[in-house]
Amino acid sequence: MTEFEKKAEEIRNEIAEARKEAKEAKEALSALPESASKEEVTEIKSNIEKLDQSIQDLNKQLKNKTVERKGLEQALTDVLSSEEYKSQLQDVISKKRSGTQTFEVKVDPTSVITSGLTGDVARTVTPNEISAPGYEPNKFLALANVRTVPQDKNRASWFDGAYYSNVGYVTEITAQDTGDGATLTEKYRELAKVGAFLPFSAETVSDMSYFVNWAKNEGVKAVLNKVDELIYGGLGADVTKPKEIYGLKTKGATAFNSATAGLSLAITNANLADLIRAAATQVRVQGKGLYNPVAVALHPANVAKLYMLKNTQADYIQVLPNGAMSVYGIAIAETAKVGAGEMLLLSADTVQLHQKGGLEMEVERVAGTDSFKMYLRWRGNVVVPTDAIKGNIYVADIDTAIASLDTTSPTTTVAPTTTVAPTTTQA
């Protein structure tokens with residue numbers, strides 16, 4: 001049961017308990033003798049009203065929880081497990097009809113590999129699970145704010161604004177001659193398209209349905225993994241690659257600069273935790289306190305270094321019972337999609353993921369070859385508005401960045417002046 005489902009179940013249990021108490025209170029009111037005091041009657045009626053109000057409030061919570069926006073991966077799970085999807089897929093597989101059916105989820109491999117089982121079909125009890133290399137959690141998808149591109153639109157758009165202030169002293173009974181100004185610029189990006197397809201034979205479907213189901217789920221994970229990877233490192237660019245994803249490290253963040261943070265050669269024995277704090281300081285300086293760093297993406301090797309840092313006060317690294325870590329209150333997002341020498345600090349609400357209709361799945365029956373194809377497609381792009389880029393910091397080389405903070409880093413030494421040889425003395 002997901003966290004979403006658990007919360008909804010808790011609310012349903014609270015509603016049932018409140019209804020039970022309300023029923024008991026109404027029965028108690030009916031059972032009161034005529035000799036009961038006015039105060040007793042008033043108290044019971046008041047309790048009934050409070051319980052009824054409580055039930056109404058809980059019903060509202062349940063309704064809100066039911067329509068709460070689901071994460072992209074949870075929404076995919078719901079579609080794949082839905083009766084409609086299973087029914088449509090079974091119709092195609094059983095050859096009751098030929099054609100396609102599209103399923104939309106609301107929230108690109110270059111090689112073509114024919115799917116099939118290597119080795120004998122299991123002749124004993126069918127195994128319950130398949131062991132295979134998987135995909136790590138999608139940390140960047142989880143950190144992005146999803147925006148839906150409307151029907152009949154095909155671009156990710158936003159507005160960049162600027163306000164020019166000339167606020168100053170004014171003299172009594174004197175007209176102001178200097179005004180403020182404001183500009184608004186509409187900007188957009190083209191949508192990138194990421195896709196894959198999975199071919200499999202009718203025999204594979206008939207003889208190894210468990211394998212097909214597993215491969216189908218892995219195909220979904222593969223597309224999401226690719227999108228997550230490109231959110232970080234995509235090479236989208238306005239002129240050369242407008243229909244590719246604009247990666248955060250090149251188009252959505254500011255390069256780390258210890259001078260901007262005011263911490264050049266200022267920290268004794270600087271380490272990785274100090275670099276995270278320095279990057280957060282740079283955000284607050286250049287962003288004028290408008291952005292709040294909430295997560296920093298690091299390679300697992302660097303996360304391990306954080307765990308092993310020695311600090312006599314132990315005042316800046318917190319590790320929760322589930323193993324989650326934060327440094328100075330900034331959550332650590334551990335992912336191998338970030339290079340071992342890289343770091344990316346992200347502020348809240350800076351990353352927008354504009355997508356057109358979510359992930360699309362389509363199953364096609366190919367009668368001519370007695371086979372099937374499952375297609376997976378996603379359209380969208382990443383946007384970090386121009387000013388919001390100040391809220392994100394990219395470190396290309398962690399060691400170099402730490403050295404720029406350390407007071408013990410060597411300084412440039414001027415070479416000694418060349419000494420002129422003494423004049424020869426005549427005998």
# chains A, B, ... in the order shown; residues from 1 in each chain; ligands from 1
call {"tool": "select_by_dssp", "arguments": {"residues": "segment 360-413 of chain A", "states": "strand (DSSP E)", "output": "mmCIF file with C-alpha atoms, in the first residue's frame"}}
result
data_model
loop_
_atom_site.group_PDB
_atom_site.id
_atom_site.type_symbol
_atom_site.label_atom_id
_atom_site.label_comp_id
_atom_site.auth_asym_id
_atom_site.auth_seq_id
_atom_site.Cartn_x
_atom_site.Cartn_y
_atom_site.Cartn_z
ATOM 1 C CA GLU A 360 1.785 7.488 -23.354
ATOM 2 C CA MET A 361 1.612 3.697 -23.733
ATOM 3 C CA GLU A 362 0.300 1.957 -26.844
ATOM 4 C CA VAL A 363 0.044 -1.776 -27.605
ATOM 5 C CA GLU A 364 -0.183 -2.810 -31.247
ATOM 6 C CA ARG A 365 -1.087 -6.214 -32.687
ATOM 7 C CA VAL A 366 1.017 -6.995 -35.804
ATOM 8 C CA SER A 371 3.554 -10.472 -32.848
ATOM 9 C CA PHE A 372 2.993 -7.396 -30.709
ATOM 10 C CA LYS A 373 4.668 -4.049 -30.099
ATOM 11 C CA MET A 374 4.356 -1.837 -27.068
ATOM 12 C CA TYR A 375 5.244 1.822 -27.683
ATOM 13 C CA LEU A 376 6.199 4.292 -24.937
ATOM 14 C CA ARG A 377 6.405 8.039 -25.583
ATOM 15 C CA TRP A 378 6.920 11.168 -23.502
ATOM 16 C CA ARG A 379 6.938 14.834 -24.583
ATOM 17 C CA GLY A 380 8.090 17.736 -22.496
ATOM 18 C CA ASN A 381 10.988 19.916 -21.412
ATOM 19 C CA VAL A 382 12.634 21.486 -18.393
ATOM 20 C CA VAL A 383 12.419 25.182 -17.586
ATOM 21 C CA ILE A 393 24.417 26.035 -8.043
ATOM 22 C CA TYR A 394 26.437 23.634 -10.197
ATOM 23 C CA VAL A 395 29.909 22.494 -9.130
#
call {"tool": "residues_around", "arguments": {"residues": "Thr407 of chain A", "least_positions_apart": "6", "cutoff": "6 Å", "atoms": "only C-alpha atoms", "output": "number ranges by chain"}}
result
A: 265-268
call {"tool": "closest_residue", "arguments": {"among": "A:Asn13, A:Thr408, A:Thr174, A:Ser326", "to": "Val294 of chain A", "atoms": "only C-alpha atoms"}}
result
A:Ser326
call {"tool": "residues_around", "arguments": {"residues": "Ile245 of chain A", "least_positions_apart": "5", "cutoff": "6 Å", "atoms": "only C-alpha atoms", "output": "list in words"}}
result
Ala192, Gly234, Gly236 and Asn381 of chain A
call {"tool": "closest_atom_pairs", "arguments": {"of": "segment 155-240 of chain A", "to": "segment 131-144 of chain A", "cutoff": "9 Å", "atoms": "only C-alpha atoms", "output": "tab-separated table"}}
result
residue	atom	partner	partner_atom	distance
A:Glu218	CA	A:Gly134	CA	8.0
A:Lys221	CA	A:Tyr135	CA	7.2
A:Ala222	CA	A:Tyr135	CA	7.4
A:Leu224	CA	A:Asn138	CA	7.5
A:Asn225	CA	A:Asn138	CA	6.3
A:Val227	CA	A:Leu141	CA	8.0
A:Asp228	CA	A:Leu141	CA	5.7
A:Glu229	CA	A:Phe140	CA	7.9
A:Ile231	CA	A:Phe140	CA	6.6
A:Tyr232	CA	A:Phe140	CA	7.0
call {"tool": "write_last_selection", "arguments": {"atoms": "N, CA and C atoms", "output": "short mmCIF file (atom, residue, chain, number, x, y, z; two decimals), in the first residue's frame"}}
result
data_model
loop_
_atom_site.label_atom_id
_atom_site.label_comp_id
_atom_site.auth_asym_id
_atom_site.auth_seq_id
_atom_site.Cartn_x
_atom_site.Cartn_y
_atom_site.Cartn_z
N GLU A 218 9.42 -2.87 -17.06
CA GLU A 218 10.79 -2.39 -17.21
C GLU A 218 10.89 -1.34 -18.31
N LYS A 221 9.92 1.92 -16.79
CA LYS A 221 11.01 2.42 -15.94
C LYS A 221 12.15 2.97 -16.79
N ALA A 222 12.42 2.33 -17.93
CA ALA A 222 13.52 2.76 -18.79
C ALA A 222 13.27 4.17 -19.33
N LEU A 224 11.26 6.54 -18.01
CA LEU A 224 11.34 7.49 -16.90
C LEU A 224 12.79 7.73 -16.47
N ASN A 225 13.58 6.66 -16.48
CA ASN A 225 14.99 6.79 -16.12
C ASN A 225 15.72 7.70 -17.10
N VAL A 227 14.38 10.10 -18.97
CA VAL A 227 13.92 11.48 -18.75
C VAL A 227 14.63 12.07 -17.54
N ASP A 228 14.72 11.29 -16.46
CA ASP A 228 15.38 11.77 -15.24
C ASP A 228 16.85 12.10 -15.51
N GLU A 229 17.51 11.24 -16.26
CA GLU A 229 18.92 11.44 -16.62
C GLU A 229 19.10 12.73 -17.43
N ILE A 231 17.04 15.35 -17.47
CA ILE A 231 16.73 16.54 -16.67
C ILE A 231 18.02 17.09 -16.06
N TYR A 232 18.90 16.20 -15.67
CA TYR A 232 20.18 16.64 -15.11
C TYR A 232 21.18 17.05 -16.19
#
call {"tool": "residues_around", "arguments": {"residues": "Met343 of chain A", "least_positions_apart": "6", "cutoff": "9 Å", "atoms": "only C-alpha atoms", "output": "JSON, numbers by chain"}}
result
{"A": [276, 296, 297, 298, 299, 393, 394, 395, 396, 397, 398]}
call {"tool": "residues_around", "arguments": {"residues": "Glu129 of chain A", "least_positions_apart": "4", "cutoff": "10 Å", "atoms": "only C-alpha atoms", "output": "PyMOL selection string"}}
result
chain A and resi 210-211+214
call {"tool": "closest_residue", "arguments": {"among": "A:Ser157, A:Thr281, A:Asn302, A:Gln352", "to": "Gly247 of chain A", "atoms": "only C-alpha atoms"}}
result
A:Gln352
call {"tool": "select_by_dssp", "arguments": {"residues": "segment 296-393 of chain A", "states": "alpha helix (DSSP H)", "output": "number ranges by chain"}}
result
A: 300-307
call {"tool": "residues_around", "arguments": {"residues": "Asp177 of chain A", "least_positions_apart": "5", "cutoff": "12 Å", "atoms": "only C-alpha atoms", "output": "list in words"}}
result
Asn166, Val167, Gly168, Tyr169, Val170 and Thr171 of chain A
call {"tool": "closest_residue", "arguments": {"among": "A:Thr183, A:Ser30, A:Thr204, A:Gln355", "to": "Asn154 of chain A", "atoms": "only C-alpha atoms"}}
result
A:Gln355
call {"tool": "closest_residue", "arguments": {"among": "A:Asp52, A:Ala278, A:Val194, A:Thr250", "to": "Val327 of chain A", "atoms": "only C-alpha atoms"}}
result
A:Ala278
call {"tool": "residues_around", "arguments": {"residues": "Leu405 of chain A", "least_positions_apart": "5", "cutoff": "10 Å", "atoms": "only C-alpha atoms", "output": "PDB file with N, CA and C atoms, in the first residue's frame"}}
result
ATOM      1  N   ASN A 257      30.948  29.883  -7.267  1.00  0.00           N
ATOM      2  CA  ASN A 257      31.977  30.921  -7.196  1.00  0.00           C
ATOM      3  C   ASN A 257      32.160  31.306  -5.737  1.00  0.00           C
ATOM      4  N   SER A 258      33.291  30.916  -5.164  1.00  0.00           N
ATOM      5  CA  SER A 258      33.524  31.199  -3.744  1.00  0.00           C
ATOM      6  C   SER A 258      33.606  32.694  -3.467  1.00  0.00           C
ATOM      7  N   ALA A 259      34.033  33.482  -4.470  1.00  0.00           N
ATOM      8  CA  ALA A 259      34.113  34.930  -4.286  1.00  0.00           C
ATOM      9  C   ALA A 259      32.720  35.538  -4.141  1.00  0.00           C
ATOM     10  N   ALA A 261      30.176  34.095  -2.903  1.00  0.00           N
ATOM     11  CA  ALA A 261      29.711  33.741  -1.559  1.00  0.00           C
ATOM     12  C   ALA A 261      30.466  34.510  -0.478  1.00  0.00           C
ATOM     13  N   GLY A 262      31.588  35.161  -0.861  1.00  0.00           N
ATOM     14  CA  GLY A 262      32.400  35.882   0.118  1.00  0.00           C
ATOM     15  C   GLY A 262      33.231  34.969   0.993  1.00  0.00           C
ATOM     16  N   LEU A 263      33.571  33.778   0.462  1.00  0.00           N
ATOM     17  CA  LEU A 263      34.260  32.780   1.287  1.00  0.00           C
ATOM     18  C   LEU A 263      35.557  32.277   0.652  1.00  0.00           C
ATOM     19  N   SER A 264      36.137  33.028  -0.264  1.00  0.00           N
ATOM     20  CA  SER A 264      37.394  32.602  -0.880  1.00  0.00           C
ATOM     21  C   SER A 264      38.496  32.502   0.168  1.00  0.00           C
ATOM     22  N   LEU A 265      39.155  31.333   0.217  1.00  0.00           N
ATOM     23  CA  LEU A 265      40.271  31.092   1.150  1.00  0.00           C
ATOM     24  C   LEU A 265      39.911  31.510   2.578  1.00  0.00           C
ATOM     25  N   ALA A 266      38.677  31.218   2.987  1.00  0.00           N
ATOM     26  CA  ALA A 266      38.198  31.706   4.283  1.00  0.00           C
ATOM     27  C   ALA A 266      37.910  30.600   5.291  1.00  0.00           C
ATOM     28  N   ILE A 267      38.013  29.325   4.888  1.00  0.00           N
ATOM     29  CA  ILE A 267      37.617  28.229   5.772  1.00  0.00           C
ATOM     30  C   ILE A 267      38.817  27.334   6.064  1.00  0.00           C
ATOM     31  N   THR A 268      39.080  27.105   7.329  1.00  0.00           N
ATOM     32  CA  THR A 268      40.188  26.240   7.733  1.00  0.00           C
ATOM     33  C   THR A 268      39.809  24.780   7.514  1.00  0.00           C
ATOM     34  N   ASN A 269      40.672  24.039   6.838  1.00  0.00           N
ATOM     35  CA  ASN A 269      40.442  22.615   6.558  1.00  0.00           C
ATOM     36  C   ASN A 269      39.068  22.389   5.923  1.00  0.00           C
ATOM     37  N   ALA A 270      38.790  23.124   4.866  1.00  0.00           N
ATOM     38  CA  ALA A 270      37.483  23.027   4.203  1.00  0.00           C
ATOM     39  C   ALA A 270      37.212  21.605   3.707  1.00  0.00           C
ATOM     40  N   ASN A 271      35.938  21.196   3.790  1.00  0.00           N
ATOM     41  CA  ASN A 271      35.555  19.865   3.330  1.00  0.00           C
ATOM     42  C   ASN A 271      34.268  19.950   2.510  1.00  0.00           C
ATOM     43  N   ASP A 274      31.398  21.866   4.015  1.00  0.00           N
ATOM     44  CA  ASP A 274      31.630  23.309   3.917  1.00  0.00           C
ATOM     45  C   ASP A 274      31.281  23.821   2.519  1.00  0.00           C
ATOM     46  N   LEU A 275      31.576  23.003   1.495  1.00  0.00           N
ATOM     47  CA  LEU A 275      31.256  23.401   0.125  1.00  0.00           C
ATOM     48  C   LEU A 275      29.738  23.531  -0.061  1.00  0.00           C
ATOM     49  N   ALA A 278      28.759  26.711   1.520  1.00  0.00           N
ATOM     50  CA  ALA A 278      29.225  27.846   0.716  1.00  0.00           C
ATOM     51  C   ALA A 278      28.328  28.049  -0.507  1.00  0.00           C
ATOM     52  N   THR A 400      38.402  21.169  -6.732  1.00  0.00           N
ATOM     53  CA  THR A 400      38.822  22.535  -7.052  1.00  0.00           C
ATOM     54  C   THR A 400      37.996  23.544  -6.258  1.00  0.00           C
TER      55      THR A 400
END
call {"tool": "atom_distance", "arguments": {"atom1": "atom CA of Ala340 of chain A", "atom2": "atom CA of Ala301 of chain A"}}
result
6.7 Å
call {"tool": "atom_distance", "arguments": {"atom1": "atom CA of Leu191 of chain A", "atom2": "atom CA of Tyr291 of chain A"}}
result
26.9 Å
